[in-house]
Each structure stands twice: as C-alpha cells, then as structure tokens.
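Peer 1: Sending over query20.txt (compact mmCIF, C-alpha atoms).
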# COMPACT_ATOMS: atom_id res chain seq x y z
CA MET A 22 51.29 -109.18 -74.99
CA SER A 23 51.37 -107.39 -71.69
CA ALA A 24 55.09 -106.79 -72.03
CA GLN A 25 54.56 -105.37 -75.49
CA ARG A 26 51.84 -103.03 -74.27
CA ASN A 27 54.12 -101.85 -71.49
CA SER A 28 56.94 -101.15 -73.86
CA VAL A 29 54.64 -99.13 -76.11
CA ALA A 30 53.37 -97.26 -73.09
CA VAL A 31 56.92 -96.44 -71.95
CA SER A 32 57.89 -95.23 -75.37
CA THR A 33 54.76 -93.08 -75.65
CA SER A 34 55.36 -91.72 -72.18
CA SER A 35 58.95 -90.71 -72.90
CA THR A 36 57.94 -89.05 -76.18
CA ARG A 37 55.25 -87.19 -74.28
CA ASP A 38 57.73 -86.25 -71.51
CA GLU A 39 60.15 -85.05 -74.15
CA ALA A 40 57.43 -82.85 -75.69
CA ILE A 41 56.57 -81.46 -72.26
CA LEU A 42 60.22 -80.74 -71.47
CA ALA A 43 60.70 -79.03 -74.82
CA ALA A 44 57.64 -76.94 -73.97
CA VAL A 45 59.09 -76.10 -70.54
CA SER A 46 62.34 -74.95 -72.16
CA ALA A 47 60.49 -72.88 -74.77
CA GLY A 48 58.22 -71.47 -72.09
CA LEU A 49 61.18 -70.55 -69.86
CA ARG A 50 62.79 -68.66 -72.72
CA ARG A 51 59.52 -66.87 -73.45
CA TYR A 52 58.12 -66.14 -69.99
CA GLY A 53 60.89 -66.80 -67.47
CA PRO A 54 60.55 -69.27 -64.58
CA ARG A 55 58.33 -67.09 -62.40
CA LYS A 56 55.64 -66.42 -64.97
CA LEU A 57 55.61 -69.79 -66.67
CA THR A 58 52.46 -71.72 -65.74
CA ALA A 59 51.54 -75.36 -66.16
CA GLN A 60 48.81 -74.17 -68.54
CA ASP A 61 51.45 -72.44 -70.73
CA VAL A 62 53.41 -75.69 -70.86
CA ALA A 63 50.28 -77.73 -71.56
CA ASP A 64 49.31 -75.40 -74.42
CA LEU A 65 52.81 -75.46 -75.92
CA ALA A 66 53.03 -79.27 -75.66
CA GLY A 67 49.47 -79.90 -76.80
CA VAL A 68 48.56 -81.86 -73.68
CA SER A 69 46.32 -81.21 -70.69
CA ARG A 70 47.46 -79.33 -67.60
CA MET A 71 46.85 -82.51 -65.60
CA THR A 72 49.22 -84.41 -67.88
CA VAL A 73 51.93 -81.81 -67.25
CA TYR A 74 51.58 -82.27 -63.49
CA ARG A 75 51.39 -86.04 -63.79
CA ALA A 76 54.61 -86.11 -65.86
CA MET A 77 56.60 -83.46 -63.99
CA GLY A 78 55.24 -83.52 -60.43
CA SER A 79 55.49 -79.75 -60.06
CA MET A 80 56.53 -76.74 -62.12
CA ASP A 81 59.69 -76.34 -60.01
CA ASN A 82 60.58 -79.92 -60.76
CA ALA A 83 59.78 -79.41 -64.44
CA ILE A 84 62.21 -76.49 -64.55
CA LEU A 85 64.96 -78.52 -62.86
CA ILE A 86 64.44 -81.41 -65.28
CA ALA A 87 64.52 -78.96 -68.20
CA LEU A 88 67.83 -77.58 -66.86
CA THR A 89 69.30 -81.09 -66.62
CA ARG A 90 68.18 -81.67 -70.20
CA GLU A 91 69.94 -78.40 -71.18
CA PHE A 92 73.16 -79.44 -69.38
CA THR A 93 73.07 -82.89 -70.95
CA ALA A 94 72.60 -81.46 -74.44
CA ALA A 95 75.29 -78.80 -73.89
CA VAL A 96 77.82 -81.38 -72.66
CA ALA A 97 77.10 -83.58 -75.68
CA THR A 98 77.48 -80.62 -78.05
CA ILE A 99 80.75 -79.53 -76.46
CA ARG A 100 82.17 -83.04 -76.55
CA ALA A 101 81.20 -83.44 -80.19
CA GLY A 102 82.95 -80.15 -80.99
CA LEU A 103 86.20 -80.81 -79.11
CA PRO A 104 89.31 -80.60 -81.28
CA GLU A 105 91.02 -83.81 -82.29
CA GLY A 106 93.90 -84.48 -79.97
CA THR A 107 95.00 -86.28 -76.85
CA GLY A 108 92.75 -86.81 -73.86
CA ALA A 109 94.66 -84.08 -72.03
CA GLU A 110 94.09 -81.57 -74.83
CA ARG A 111 90.42 -82.43 -75.08
CA LEU A 112 89.90 -82.29 -71.32
CA ALA A 113 91.53 -78.86 -71.12
CA ALA A 114 89.38 -77.55 -73.99
CA PHE A 115 86.24 -79.00 -72.40
CA LEU A 116 86.72 -77.03 -69.17
CA GLY A 117 86.78 -73.60 -70.80
CA ASP A 118 83.99 -74.55 -73.19
CA GLY A 119 81.89 -75.86 -70.29
CA ALA A 120 82.14 -72.55 -68.45
CA ARG A 121 81.25 -70.68 -71.67
CA ALA A 122 78.21 -72.88 -72.30
CA PHE A 123 76.92 -72.39 -68.76
CA VAL A 124 77.10 -68.63 -69.09
CA ALA A 125 75.72 -68.63 -72.65
CA SER A 126 72.66 -70.69 -71.71
CA GLU A 127 69.50 -68.58 -71.89
CA LEU A 128 67.72 -71.11 -69.70
CA VAL A 129 70.31 -71.05 -66.94
CA ALA A 130 70.52 -67.25 -67.08
CA SER A 131 66.75 -66.93 -66.87
CA VAL A 132 66.47 -69.19 -63.82
CA LEU A 133 69.51 -67.61 -62.12
CA ALA A 134 68.04 -64.15 -62.65
CA HIS A 135 64.43 -64.82 -61.76
CA GLN A 136 64.34 -67.84 -59.48
CA PRO A 137 67.84 -68.33 -58.05
CA GLU A 138 66.47 -70.10 -54.96
CA LEU A 139 65.64 -73.02 -57.27
CA LEU A 140 69.35 -73.45 -58.00
CA GLU A 141 70.63 -72.51 -54.54
CA PRO A 142 70.66 -76.13 -53.22
CA TYR A 143 72.90 -77.13 -56.14
CA LEU A 144 75.26 -74.20 -55.65
CA SER A 145 75.96 -74.80 -51.99
CA GLY A 146 74.36 -78.07 -50.95
CA ARG A 147 74.79 -81.00 -53.27
CA LEU A 148 75.82 -81.73 -56.82
CA GLY A 149 72.47 -82.68 -58.31
CA ARG A 150 71.92 -84.33 -61.65
CA SER A 151 73.09 -81.46 -63.90
CA GLN A 152 76.50 -81.18 -62.31
CA GLU A 153 76.80 -84.97 -62.23
CA VAL A 154 76.44 -84.89 -66.01
CA VAL A 155 79.39 -82.47 -66.23
CA LEU A 156 81.38 -84.51 -63.69
CA ALA A 157 80.79 -87.70 -65.68
CA ALA A 158 82.07 -85.99 -68.84
CA ILE A 159 85.23 -84.84 -67.02
CA GLU A 160 85.74 -88.37 -65.69
CA ASP A 161 85.37 -89.77 -69.22
CA LEU A 162 87.90 -87.32 -70.62
CA LEU A 163 90.33 -88.05 -67.77
CA ALA A 164 89.95 -91.77 -68.45
CA ALA A 165 90.58 -91.22 -72.17
CA GLY A 166 93.70 -89.22 -71.34
CA ARG A 167 94.97 -91.93 -68.99
CA PHE A 168 94.32 -94.51 -71.68
CA ASP A 169 96.27 -92.62 -74.37
CA GLY A 170 99.03 -91.77 -71.89
CA SER A 171 98.52 -87.99 -72.05
CA ILE A 172 97.27 -87.83 -68.45
CA THR A 173 99.22 -89.29 -65.54
CA ASP A 174 97.94 -90.50 -62.20
CA HIS A 175 99.03 -87.16 -60.73
CA ALA A 176 96.38 -85.21 -62.63
CA PRO A 177 93.77 -83.40 -60.55
CA SER A 178 90.60 -85.30 -59.73
CA ALA A 179 87.40 -84.82 -61.72
CA LEU A 180 85.74 -83.23 -58.69
CA THR A 181 88.44 -80.56 -58.38
CA LEU A 182 88.16 -79.78 -62.09
CA LEU A 183 84.39 -79.45 -61.71
CA LEU A 184 84.95 -76.90 -58.93
CA LEU A 185 87.23 -74.92 -61.26
CA ILE A 186 84.59 -74.82 -64.03
CA ARG A 187 82.06 -73.73 -61.41
CA GLY A 188 84.42 -71.05 -60.16
CA VAL A 189 84.79 -69.50 -63.60
CA ALA A 190 81.14 -69.98 -64.64
CA LEU A 191 79.61 -68.67 -61.42
CA GLY A 192 82.16 -65.87 -61.22
CA ALA A 193 81.09 -64.45 -64.59
CA PRO A 194 78.76 -61.80 -63.12
CA LEU A 195 81.66 -60.41 -61.06
CA LEU A 196 83.69 -59.59 -64.14
CA ARG A 197 83.05 -56.04 -65.21
CA GLU A 198 84.66 -56.19 -68.63
CA SER A 199 83.05 -58.58 -71.08
CA ASP A 200 86.51 -59.65 -72.24
CA ASP A 201 87.40 -60.80 -68.74
CA PHE A 202 85.06 -63.77 -68.84
CA GLU A 203 86.29 -64.99 -72.21
CA ARG A 204 89.84 -64.56 -70.96
CA ALA A 205 89.05 -66.51 -67.77
CA CYS A 206 87.68 -69.43 -69.85
CA THR A 207 90.71 -69.40 -72.12
CA GLU A 208 93.04 -69.18 -69.14
CA LEU A 209 91.29 -72.06 -67.37
CA SER A 210 91.84 -74.28 -70.40
CA ALA A 211 95.42 -73.07 -70.83
CA LEU A 212 96.20 -73.57 -67.14
CA VAL A 213 94.95 -77.14 -67.11
CA ALA A 214 96.61 -77.88 -70.45
CA ALA A 215 99.94 -76.55 -69.17
CA SER A 216 99.64 -78.45 -65.90
CA LEU A 217 99.02 -81.68 -67.83
CA GLY A 218 102.07 -81.00 -69.96
CA VAL A 219 100.10 -80.27 -73.14
CA GLY A 220 102.18 -78.30 -75.60
CA ALA A 221 105.36 -78.96 -73.65
CA ASN A 222 107.03 -78.96 -77.07
CA ALA A 223 105.51 -75.60 -77.86
CA ALA A 224 106.54 -74.19 -74.48
CA GLY A 225 109.78 -72.93 -75.99
CA VAL A 226 107.78 -70.83 -78.41
CA ASN A 227 105.63 -69.36 -75.64
CA THR A 228 108.47 -68.43 -73.36
CA GLY A 229 110.91 -67.53 -76.12
CA ALA A 230 109.58 -64.00 -76.38
CA GLY A 231 112.64 -62.89 -78.31
CA THR A 232 112.32 -65.28 -81.24
CA GLY A 233 110.49 -62.70 -83.28
CA THR A 234 108.10 -65.06 -85.03
CA GLY A 235 105.63 -62.25 -85.42
CA THR A 236 102.81 -63.80 -83.38
CA PRO A 237 101.20 -61.06 -81.28
CA MET B 12 96.44 -27.09 -33.49
CA SER B 13 93.30 -27.95 -35.34
CA ALA B 14 95.22 -30.47 -37.43
CA GLN B 15 96.63 -31.99 -34.30
CA ARG B 16 93.22 -32.30 -32.73
CA ASN B 17 91.91 -33.97 -35.90
CA SER B 18 94.74 -36.43 -35.93
CA VAL B 19 94.07 -37.37 -32.30
CA ALA B 20 90.38 -37.72 -33.06
CA VAL B 21 91.13 -40.02 -36.01
CA SER B 22 93.46 -42.14 -33.96
CA THR B 23 90.95 -42.42 -31.10
CA SER B 24 88.19 -43.16 -33.54
CA SER B 25 90.13 -45.96 -35.25
CA THR B 26 91.05 -47.52 -31.89
CA ARG B 27 87.40 -47.36 -30.93
CA ASP B 28 86.35 -48.81 -34.32
CA GLU B 29 88.88 -51.58 -33.87
CA ALA B 30 87.41 -52.40 -30.45
CA ILE B 31 83.90 -52.42 -31.92
CA LEU B 32 84.96 -54.66 -34.81
CA ALA B 33 86.69 -57.06 -32.42
CA ALA B 34 83.43 -57.13 -30.46
CA VAL B 35 81.44 -57.81 -33.65
CA SER B 36 83.74 -60.73 -34.49
CA ALA B 37 83.52 -62.12 -30.97
CA GLY B 38 79.76 -61.62 -30.96
CA LEU B 39 79.37 -63.35 -34.33
CA ARG B 40 81.27 -66.36 -33.02
CA ARG B 41 79.14 -66.42 -29.88
CA TYR B 42 75.64 -65.59 -31.17
CA GLY B 43 75.74 -65.86 -34.97
CA PRO B 44 74.78 -62.98 -37.26
CA ARG B 45 71.02 -63.27 -36.80
CA LYS B 46 71.02 -63.06 -33.01
CA LEU B 47 73.83 -60.57 -32.57
CA THR B 48 72.43 -57.19 -31.49
CA ALA B 49 74.02 -53.76 -31.38
CA GLN B 50 73.61 -53.94 -27.58
CA ASP B 51 75.67 -57.16 -27.49
CA VAL B 52 78.41 -55.43 -29.47
CA ALA B 53 78.22 -52.32 -27.28
CA ASP B 54 78.52 -54.44 -24.12
CA LEU B 55 81.46 -56.43 -25.48
CA ALA B 56 83.25 -53.27 -26.65
CA GLY B 57 82.41 -51.23 -23.54
CA VAL B 58 80.77 -48.44 -25.54
CA SER B 59 77.19 -47.25 -25.95
CA ARG B 60 74.75 -48.73 -28.44
CA MET B 61 74.60 -45.32 -30.14
CA THR B 62 78.38 -45.37 -30.59
CA VAL B 63 78.13 -48.75 -32.31
CA TYR B 64 75.58 -47.40 -34.78
CA ARG B 65 77.56 -44.19 -35.30
CA ALA B 66 80.73 -46.14 -36.08
CA MET B 67 79.21 -48.95 -38.14
CA GLY B 68 76.10 -47.47 -39.72
CA SER B 69 74.09 -50.68 -39.28
CA MET B 70 74.60 -54.16 -37.89
CA ASP B 71 74.64 -55.61 -41.42
CA ASN B 72 77.39 -53.18 -42.31
CA ALA B 73 79.25 -54.02 -39.09
CA ILE B 74 79.19 -57.71 -40.04
CA LEU B 75 80.50 -56.97 -43.54
CA ILE B 76 83.32 -54.82 -42.14
CA ALA B 77 84.15 -57.56 -39.63
CA LEU B 78 84.33 -60.05 -42.51
CA THR B 79 86.68 -57.78 -44.46
CA ARG B 80 88.84 -57.52 -41.33
CA GLU B 81 88.82 -61.34 -41.13
CA PHE B 82 89.83 -61.66 -44.81
CA THR B 83 92.57 -59.06 -44.42
CA ALA B 84 94.00 -60.80 -41.35
CA ALA B 85 93.75 -64.24 -43.01
CA VAL B 86 95.54 -63.04 -46.15
CA ALA B 87 98.32 -61.50 -44.04
CA THR B 88 98.69 -64.71 -42.01
CA ILE B 89 98.80 -66.88 -45.12
CA ARG B 90 101.37 -64.64 -46.80
CA ALA B 91 103.53 -64.64 -43.70
CA GLY B 92 103.39 -68.43 -43.61
CA LEU B 93 104.18 -69.08 -47.29
CA PRO B 94 107.23 -71.26 -47.86
CA GLU B 95 110.43 -69.62 -49.04
CA GLY B 96 110.69 -69.96 -52.77
CA THR B 97 110.04 -68.30 -56.09
CA GLY B 98 107.05 -66.09 -56.73
CA ALA B 99 105.47 -68.91 -58.72
CA GLU B 100 105.84 -71.37 -55.85
CA ARG B 101 104.49 -68.90 -53.32
CA LEU B 102 101.55 -67.93 -55.55
CA ALA B 103 100.60 -71.59 -56.05
CA ALA B 104 100.76 -72.25 -52.31
CA PHE B 105 98.71 -69.14 -51.57
CA LEU B 106 95.79 -70.32 -53.71
CA GLY B 107 95.25 -73.59 -51.87
CA ASP B 108 95.85 -71.94 -48.50
CA GLY B 109 93.39 -69.19 -49.37
CA ALA B 110 90.61 -71.68 -50.09
CA ARG B 111 91.44 -73.52 -46.84
CA ALA B 112 91.33 -70.31 -44.79
CA PHE B 113 87.96 -69.31 -46.26
CA VAL B 114 86.43 -72.64 -45.33
CA ALA B 115 88.12 -72.74 -41.92
CA SER B 116 86.86 -69.29 -40.93
CA GLU B 117 84.25 -69.55 -38.19
CA LEU B 118 83.05 -66.06 -39.03
CA VAL B 119 82.51 -66.78 -42.72
CA ALA B 120 80.85 -70.11 -41.92
CA SER B 121 78.52 -68.48 -39.43
CA VAL B 122 77.40 -65.77 -41.85
CA LEU B 123 77.09 -68.22 -44.76
CA ALA B 124 74.97 -70.53 -42.62
CA HIS B 125 72.74 -68.00 -40.92
CA GLN B 126 72.60 -64.90 -43.11
CA PRO B 127 73.74 -65.91 -46.60
CA GLU B 128 71.77 -63.07 -48.18
CA LEU B 129 74.34 -60.70 -46.67
CA LEU B 130 77.05 -62.33 -48.79
CA GLU B 131 74.89 -62.99 -51.87
CA PRO B 132 75.78 -59.67 -53.59
CA TYR B 133 79.48 -60.58 -53.35
CA LEU B 134 78.96 -64.09 -54.64
CA SER B 135 77.13 -63.13 -57.80
CA GLY B 136 77.16 -59.36 -58.14
CA ARG B 137 80.44 -57.62 -57.46
CA LEU B 138 83.80 -58.29 -55.85
CA GLY B 139 83.48 -56.17 -52.75
CA ARG B 140 86.28 -55.24 -50.40
CA SER B 141 87.04 -58.71 -49.01
CA GLN B 142 87.64 -60.29 -52.39
CA GLU B 143 89.62 -57.23 -53.49
CA VAL B 144 91.99 -57.94 -50.60
CA VAL B 145 92.52 -61.48 -51.93
CA LEU B 146 92.85 -60.18 -55.50
CA ALA B 147 95.48 -57.65 -54.43
CA ALA B 148 97.49 -60.41 -52.72
CA ILE B 149 97.35 -62.53 -55.90
CA GLU B 150 98.48 -59.52 -57.94
CA ASP B 151 101.38 -58.93 -55.56
CA LEU B 152 102.49 -62.56 -55.78
CA LEU B 153 102.19 -62.51 -59.58
CA ALA B 154 104.30 -59.35 -59.67
CA ALA B 155 106.91 -60.92 -57.40
CA GLY B 156 107.04 -63.95 -59.68
CA ARG B 157 107.43 -61.79 -62.77
CA PHE B 158 110.20 -59.89 -61.02
CA ASP B 159 112.17 -63.02 -60.09
CA GLY B 160 111.52 -64.56 -63.50
CA SER B 161 109.50 -67.53 -62.21
CA ILE B 162 106.26 -66.27 -63.83
CA THR B 163 106.02 -65.37 -67.50
CA ASP B 164 103.64 -62.98 -69.21
CA HIS B 165 101.58 -66.00 -70.23
CA ALA B 166 100.51 -66.76 -66.68
CA PRO B 167 96.80 -66.52 -65.91
CA SER B 168 95.47 -63.19 -64.74
CA ALA B 169 94.88 -62.45 -61.06
CA LEU B 170 91.13 -62.32 -61.67
CA THR B 171 91.04 -65.81 -63.15
CA LEU B 172 93.05 -67.15 -60.22
CA LEU B 173 90.61 -65.49 -57.82
CA LEU B 174 87.74 -67.31 -59.58
CA LEU B 175 89.58 -70.60 -59.09
CA ILE B 176 90.01 -70.00 -55.32
CA ARG B 177 86.33 -69.09 -55.17
CA GLY B 178 85.42 -72.24 -57.07
CA VAL B 179 87.21 -74.48 -54.59
CA ALA B 180 86.20 -72.51 -51.48
CA LEU B 181 82.53 -72.15 -52.38
CA GLY B 182 82.38 -75.71 -53.65
CA ALA B 183 83.42 -77.12 -50.27
CA PRO B 184 79.85 -77.90 -49.12
CA LEU B 185 79.33 -80.03 -52.24
CA LEU B 186 82.11 -82.40 -51.31
CA ARG B 187 80.76 -85.30 -49.34
CA GLU B 188 84.02 -86.74 -48.10
CA SER B 189 86.02 -84.47 -45.82
CA ASP B 190 89.21 -85.52 -47.62
CA ASP B 191 87.83 -84.23 -50.91
CA PHE B 192 88.13 -80.58 -49.89
CA GLU B 193 91.69 -80.92 -48.66
CA ARG B 194 92.54 -82.74 -51.87
CA ALA B 195 90.89 -80.01 -53.96
CA CYS B 196 93.02 -77.34 -52.23
CA THR B 197 96.19 -79.35 -52.72
CA GLU B 198 95.29 -80.03 -56.34
CA LEU B 199 94.55 -76.36 -57.00
CA SER B 200 98.01 -75.41 -55.76
CA ALA B 201 99.65 -78.29 -57.65
CA LEU B 202 97.76 -77.45 -60.85
CA VAL B 203 98.84 -73.82 -60.81
CA ALA B 204 102.38 -74.75 -59.80
CA ALA B 205 102.64 -77.21 -62.67
CA SER B 206 101.16 -74.76 -65.15
CA LEU B 207 103.75 -72.16 -64.10
CA GLY B 208 106.50 -74.70 -64.58
CA VAL B 209 107.27 -75.06 -60.86
CA GLY B 210 109.09 -78.31 -60.18
CA ALA B 211 109.78 -78.82 -63.88
CA ASN B 212 113.01 -80.47 -62.72
CA ALA B 213 111.05 -82.79 -60.48
CA ALA B 214 108.60 -83.62 -63.25
CA GLY B 215 110.71 -86.60 -64.25
CA VAL B 216 110.21 -88.03 -60.77
CA ASN B 217 106.44 -87.51 -60.91
CA THR B 218 105.90 -89.10 -64.28
CA GLY B 219 108.58 -91.73 -63.93
CA ALA B 220 106.27 -94.12 -62.15
CA GLY B 221 108.59 -97.02 -62.78
CA THR B 222 111.69 -95.63 -61.09
CA GLY B 223 110.88 -97.44 -57.88
CA THR B 224 112.03 -94.73 -55.49
CA GLY B 225 109.64 -96.04 -52.89
CA THR B 226 107.57 -92.87 -52.52
CA PRO B 227 103.92 -93.87 -52.14
Show how you would write the structure in this file as structure tokens.
Peer 2:
Amino acid sequence: MSAQRNSVAVSTSSTRDEAILAAVSAGLRRYGPRKLTAQDVADLAGVSRMTVYRAMGSMDNAILIALTREFTAAVATIRAGLPEGTGAERLAAFLGDGARAFVASELVASVLAHQPELLEPYLSGRLGRSQEVVLAAIEDLLAAGRFDGSITDHAPSALTLLLLIRGVALGAPLLRESDDFERACTELSALVAASLGVGANAAGVNTGAGTGTGTP
Amino acid sequence: MSAQRNSVAVSTSSTRDEAILAAVSAGLRRYGPRKLTAQDVADLAGVSRMTVYRAMGSMDNAILIALTREFTAAVATIRAGLPEGTGAERLAAFLGDGARAFVASELVASVLAHQPELLEPYLSGRLGRSQEVVLAAIEDLLAAGRFDGSITDHAPSALTLLLLIRGVALGAPLLRESDDFERACTELSALVAASLGVGANAAGVNTGAGTGTGTP
C-alpha cells in the first residue's frame, strides 16, 4: 500500500518535473536565461512558484537541467537519424551531426549569449551531465563498431572524439563565413571516417581525380 | 638622411619593444597577469613606466602582445622540431605538438587562470593574431604536403584543423587523468595522419593484431 503510494508519487513527480522542464525550455526560448523568472516557469507549467523551486532548487539549476534535457533529446534524435552502415560510418556521421546540433540549438545559443558564466564550468572545468550524454553516445558507437569489426583497437578514445566535437562546435563563432562551419562539420566526419578506414574502397575514386566521372 | 634616421628609430624602437615584451613575459611568469604592473615591466626592462605605456598602449594590450610572441615562438620551435618526412606526416605531428605546447605554456596557463576574460574574445569571438599564427603554420604545412603529393585536395581545410587543435588544447582541463591529455594529443596526430593516408603501408601491421610481432 505504502509502496504503491510511493510509486504513484514518483510518477506524478516526474510528470510534474517534465512539465516544469518543458516550461523552462519554452521560457528560455521566449525570454532568454536572464529574464526568465520562476513565476514565468510556474505560469507556463501551471504550477506554483514554490513548486518550481522545490522541483528545480534554483533557476540556474533549472536552466542546466533543461540544457541536459536538450542534449539528451538531440543525441537521441541524431542517433535515430544516422545512416544505416557500419559502426565506423555511424560514429563518423554522429560527430559532425553532434557539432551541428549544438550550434543549431536555440537553447544553447540563448544561454551562451546571455548567461555564458552558467556554462563556463563545463567548458573549462569538468564534463558535466550534458557532455557525459554525448560521451556515452560516442562510447556506444565505438563499441558497436568494434563489435561489427569496422573499428579496431587503435581507434581514438571516446574522450578525444568528444574534444574534437567540442572544438568544432565551440569554434563556430570564430568562422566568419557561414559555409565554414558546415564545412568544418563535414570535414570532421570525413576525417574520422577516413582515419577509421571507412570508404577505403571508394578512396580510389576520391584520389583518382583524372577518372572523369563527372562528380564535381 | 631623413629615411636613414627613420630606419634607425624603427630599429631602436623594435629593440626596445622586444625588451619590454621580454619583461612582460618574465613579469607574467613571476607575478601573474593581475598583479603585474607597468612599473614592474619598466623596472625589468630598464625603461620608464611612460615608455611602457607608449610602446604597449595598455597593460592588457601588452599581455596580449606577449602571448602572440609566445605563440609565434612556440610555432617556430615546433616546426623546427618536426620529424623529417612528408608534408602529411609533418602536418599530423604539428597538430598534436601544437596542443601540447598550448597547454605547456606557463604564460597561457597564467592568463587563463587569472585573467581569462582577456582571452575570452579569442575563444568565442574572433581568431586574433595568435591563432592566425597557428593557422598560417597549418596552411604552410598543407601547402608543403600538396606540393610533395602527400596531401590531396580532399584534405580538411586549415581552419577545421585549427578547430581540432583548439578542441584538444582547450579541453585539457576537462581530462581528469594526466595521461588522457597526452593520449588526446597523440590520437589527434594519429587520426589526421591516418585520414591523410600516412602509414598506409604500415596499416597492415596495425590491424593485423594476430601477427604476433611482439609489439605491445
């Protein structure tokens, strides 16, 4: 009886937390992190301001949890959209797509622009939950590639690959031409694919510039 | 006559600037960027405080110029120490060594630790002179590799490679184990080398795990 009540309570609480987090995300898009208040979130979620604080601890924490939720959803979406292929091919595609998703995220852009000090600890101090989500996905894809034989033991570690995604994603504002970022993402994927031996069969086509197959 | 006087003035001025910059670097190592005063620099360089300001504009500017000098010297040292080999091999080695040099630099570490806001614009806003020095070196090595045929037109752009160095260098504080950073540098070089087809002959050795050659 008690156990049952607890389980109902947990389920209600996580539904409520989910509604609050959705409200935080919506509020961030609408107001930005600096102007978003607990009252805004409470209104959007249809709960009291006290409930927002009780669930999230603080607005800063609420924003960080909303960002982790965004990363988790983005990683799941990217993985679901990866092309069929070997683990190596999918891993390589994931890296470029991951950098693209980071830069495309309205939520990340809003926090980076208006409250970068909230992200600072995760840029130069420790990984934090959001980057651990990305790291776990890379580890999964590496494991899948090792299992299907497309990735050898000499492949780079998941941590190094995470640093490469970060390099491209965080470097985006430095690139003056909008094409440069897209090219950097494509090149990151191509670089890792080539280093893993993906398309070794097709390598002759790439380097055989004189074959005149008409591809630009 | 006038031209001659100008040329002497320029030469004297650049010797003096060099002495001031050497004093800024020494002062940064000794006091850190926050505590270093124009008077400290003047004393170390044997010039007046006014001369320091006239040559450098401001202490912030002096620190940035000293950092560019550090980057320029580091890039020259790395290039001089690159192994003999093809352009592709030398480029790959440069990338890992570049990340190592960034992290090993006392000057960079001191400014990052004590006055990160001085570097912030160059981390997320624009390249700035120091990173342009690194970019130019990458472009040179790419050109050398294209010239000797070791790098094809499908190689990643210099800008993308710069983002990868940045990713590894700036990610260093995230890596808990000290070995992780060294491994990330080695893996960056190996990744780029493999993607450029360096050691394609040796690839059989790497993947042939069962050949029992006794290498660990």
Peer 1: Mind listing as a list in words which residues of chain B are within 7 Å of chain A, counting all atoms listed in the file?
Peer 2: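 Only these qualify: Ser135, Gly136, Arg137, Leu138, Pro167, Thr171, Leu174, Leu175, Arg177, Gly178, Val179, Gly182, Pro184, Leu185, Ala195, Glu198, Leu202, Val203, Ala205, Ser206 and Thr218 of chain B.
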Peer 1: Can you report as JSON the centre and edge lengths in Å, to one decimal, of an axis-aligned box around the listed atoms of segment 183-201 of chain A padded with 6 Å on each side?
Peer 2:
{"center_x": 83.1, "center_y": -67.7, "center_z": -65.6, "size_x": 20.6, "size_y": 35.4, "size_z": 25.3}
Peer 1: Which polymer residues have any atom within 10 Å of an atom of Gly92 of chain B, counting all atoms listed in the file, with same-chain residues fewer than 3 positions away left out, as a VMD selection string?
Peer 2: chain B and resid 86 to 89 95 101 104 to 105 108
Peer 1: For the point (96.0, -90.7, -75.5) in the file's frame, write as a list of chain:residue names all residues with an atom no more than 9 Å away, counting all atoms listed in the file.
Peer 2: A:Gly106, A:Thr107, A:Gly108, A:Ala109, A:Ala165, A:Gly166, A:Arg167, A:Phe168, A:Asp169, A:Gly170, A:Ser171, A:Ile172
Peer 1: Report, in Å with one decimal, the straight-line distance from atom CA of Asp38 of chain A to atom CA of Phe92 of chain A.
Peer 2: 17.0 Å
Peer 1: Using only C-alpha atoms, which residues sit within 9 Å of Ala76 of chain A once same-chain residues fewer than 5 positions away are excluded, as number ranges by chain?
Peer 2: A: 34, 37-38, 41, 71, 83
Peer 1: Measure the distance from atom CA of Arg40 of chain B to atom CA of Leu118 of chain B in Å and round it to one decimal.
Peer 2: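 According to the coordinates, atom CA of Arg40 of chain B and atom CA of Leu118 of chain B are separated by 6.3 Å.
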Peer 1: Add whatever atoms are absent from segment 203-215 of chain A to reach N, CA, C and O atoms, and provide the output as an mmCIF file, in the coordinates of the input.
Peer 2:
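Printed below is selection07.cif as written:
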data_model
loop_
_atom_site.group_PDB
_atom_site.id
_atom_site.type_symbol
_atom_site.label_atom_id
_atom_site.label_comp_id
_atom_site.auth_asym_id
_atom_site.auth_seq_id
_atom_site.Cartn_x
_atom_site.Cartn_y
_atom_site.Cartn_z
ATOM 1 N N GLU A 203 85.706 -64.189 -71.131
ATOM 2 C CA GLU A 203 86.290 -64.990 -72.210
ATOM 3 C C GLU A 203 87.748 -65.318 -71.875
ATOM 4 O O GLU A 203 88.201 -66.450 -72.067
ATOM 5 N N ARG A 204 88.449 -64.333 -71.334
ATOM 6 C CA ARG A 204 89.840 -64.560 -70.960
ATOM 7 C C ARG A 204 89.942 -65.613 -69.852
ATOM 8 O O ARG A 204 90.808 -66.490 -69.884
ATOM 9 N N ALA A 205 89.025 -65.546 -68.871
ATOM 10 C CA ALA A 205 89.050 -66.510 -67.770
ATOM 11 C C ALA A 205 88.844 -67.941 -68.300
ATOM 12 O O ALA A 205 89.507 -68.875 -67.846
ATOM 13 N N CYS A 206 87.919 -68.093 -69.263
ATOM 14 C CA CYS A 206 87.680 -69.430 -69.850
ATOM 15 C C CYS A 206 88.922 -69.923 -70.579
ATOM 16 O O CYS A 206 89.329 -71.085 -70.436
ATOM 17 N N THR A 207 89.503 -69.031 -71.375
ATOM 18 C CA THR A 207 90.710 -69.400 -72.120
ATOM 19 C C THR A 207 91.842 -69.745 -71.159
ATOM 20 O O THR A 207 92.570 -70.725 -71.351
ATOM 21 N N GLU A 208 91.964 -68.942 -70.105
ATOM 22 C CA GLU A 208 93.040 -69.180 -69.140
ATOM 23 C C GLU A 208 92.827 -70.469 -68.352
ATOM 24 O O GLU A 208 93.784 -71.156 -68.012
ATOM 25 N N LEU A 209 91.563 -70.793 -68.057
ATOM 26 C CA LEU A 209 91.290 -72.060 -67.370
ATOM 27 C C LEU A 209 91.766 -73.232 -68.222
ATOM 28 O O LEU A 209 92.469 -74.131 -67.746
ATOM 29 N N SER A 210 91.397 -73.208 -69.503
ATOM 30 C CA SER A 210 91.840 -74.280 -70.400
ATOM 31 C C SER A 210 93.357 -74.316 -70.511
ATOM 32 O O SER A 210 93.975 -75.388 -70.448
ATOM 33 N N ALA A 211 93.968 -73.138 -70.653
ATOM 34 C CA ALA A 211 95.420 -73.070 -70.830
ATOM 35 C C ALA A 211 96.151 -73.562 -69.580
ATOM 36 O O ALA A 211 97.163 -74.261 -69.657
ATOM 37 N N LEU A 212 95.601 -73.184 -68.421
ATOM 38 C CA LEU A 212 96.200 -73.570 -67.140
ATOM 39 C C LEU A 212 96.202 -75.083 -66.988
ATOM 40 O O LEU A 212 97.218 -75.693 -66.630
ATOM 41 N N VAL A 213 95.046 -75.689 -67.258
ATOM 42 C CA VAL A 213 94.950 -77.140 -67.110
ATOM 43 C C VAL A 213 95.803 -77.832 -68.172
ATOM 44 O O VAL A 213 96.507 -78.807 -67.882
ATOM 45 N N ALA A 214 95.779 -77.302 -69.390
ATOM 46 C CA ALA A 214 96.610 -77.880 -70.450
ATOM 47 C C ALA A 214 98.078 -77.839 -70.036
ATOM 48 O O ALA A 214 98.785 -78.851 -70.121
ATOM 49 N N ALA A 215 98.524 -76.677 -69.564
ATOM 50 C CA ALA A 215 99.940 -76.550 -69.170
ATOM 51 C C ALA A 215 100.278 -77.483 -68.025
ATOM 52 O O ALA A 215 101.336 -78.114 -68.010
#
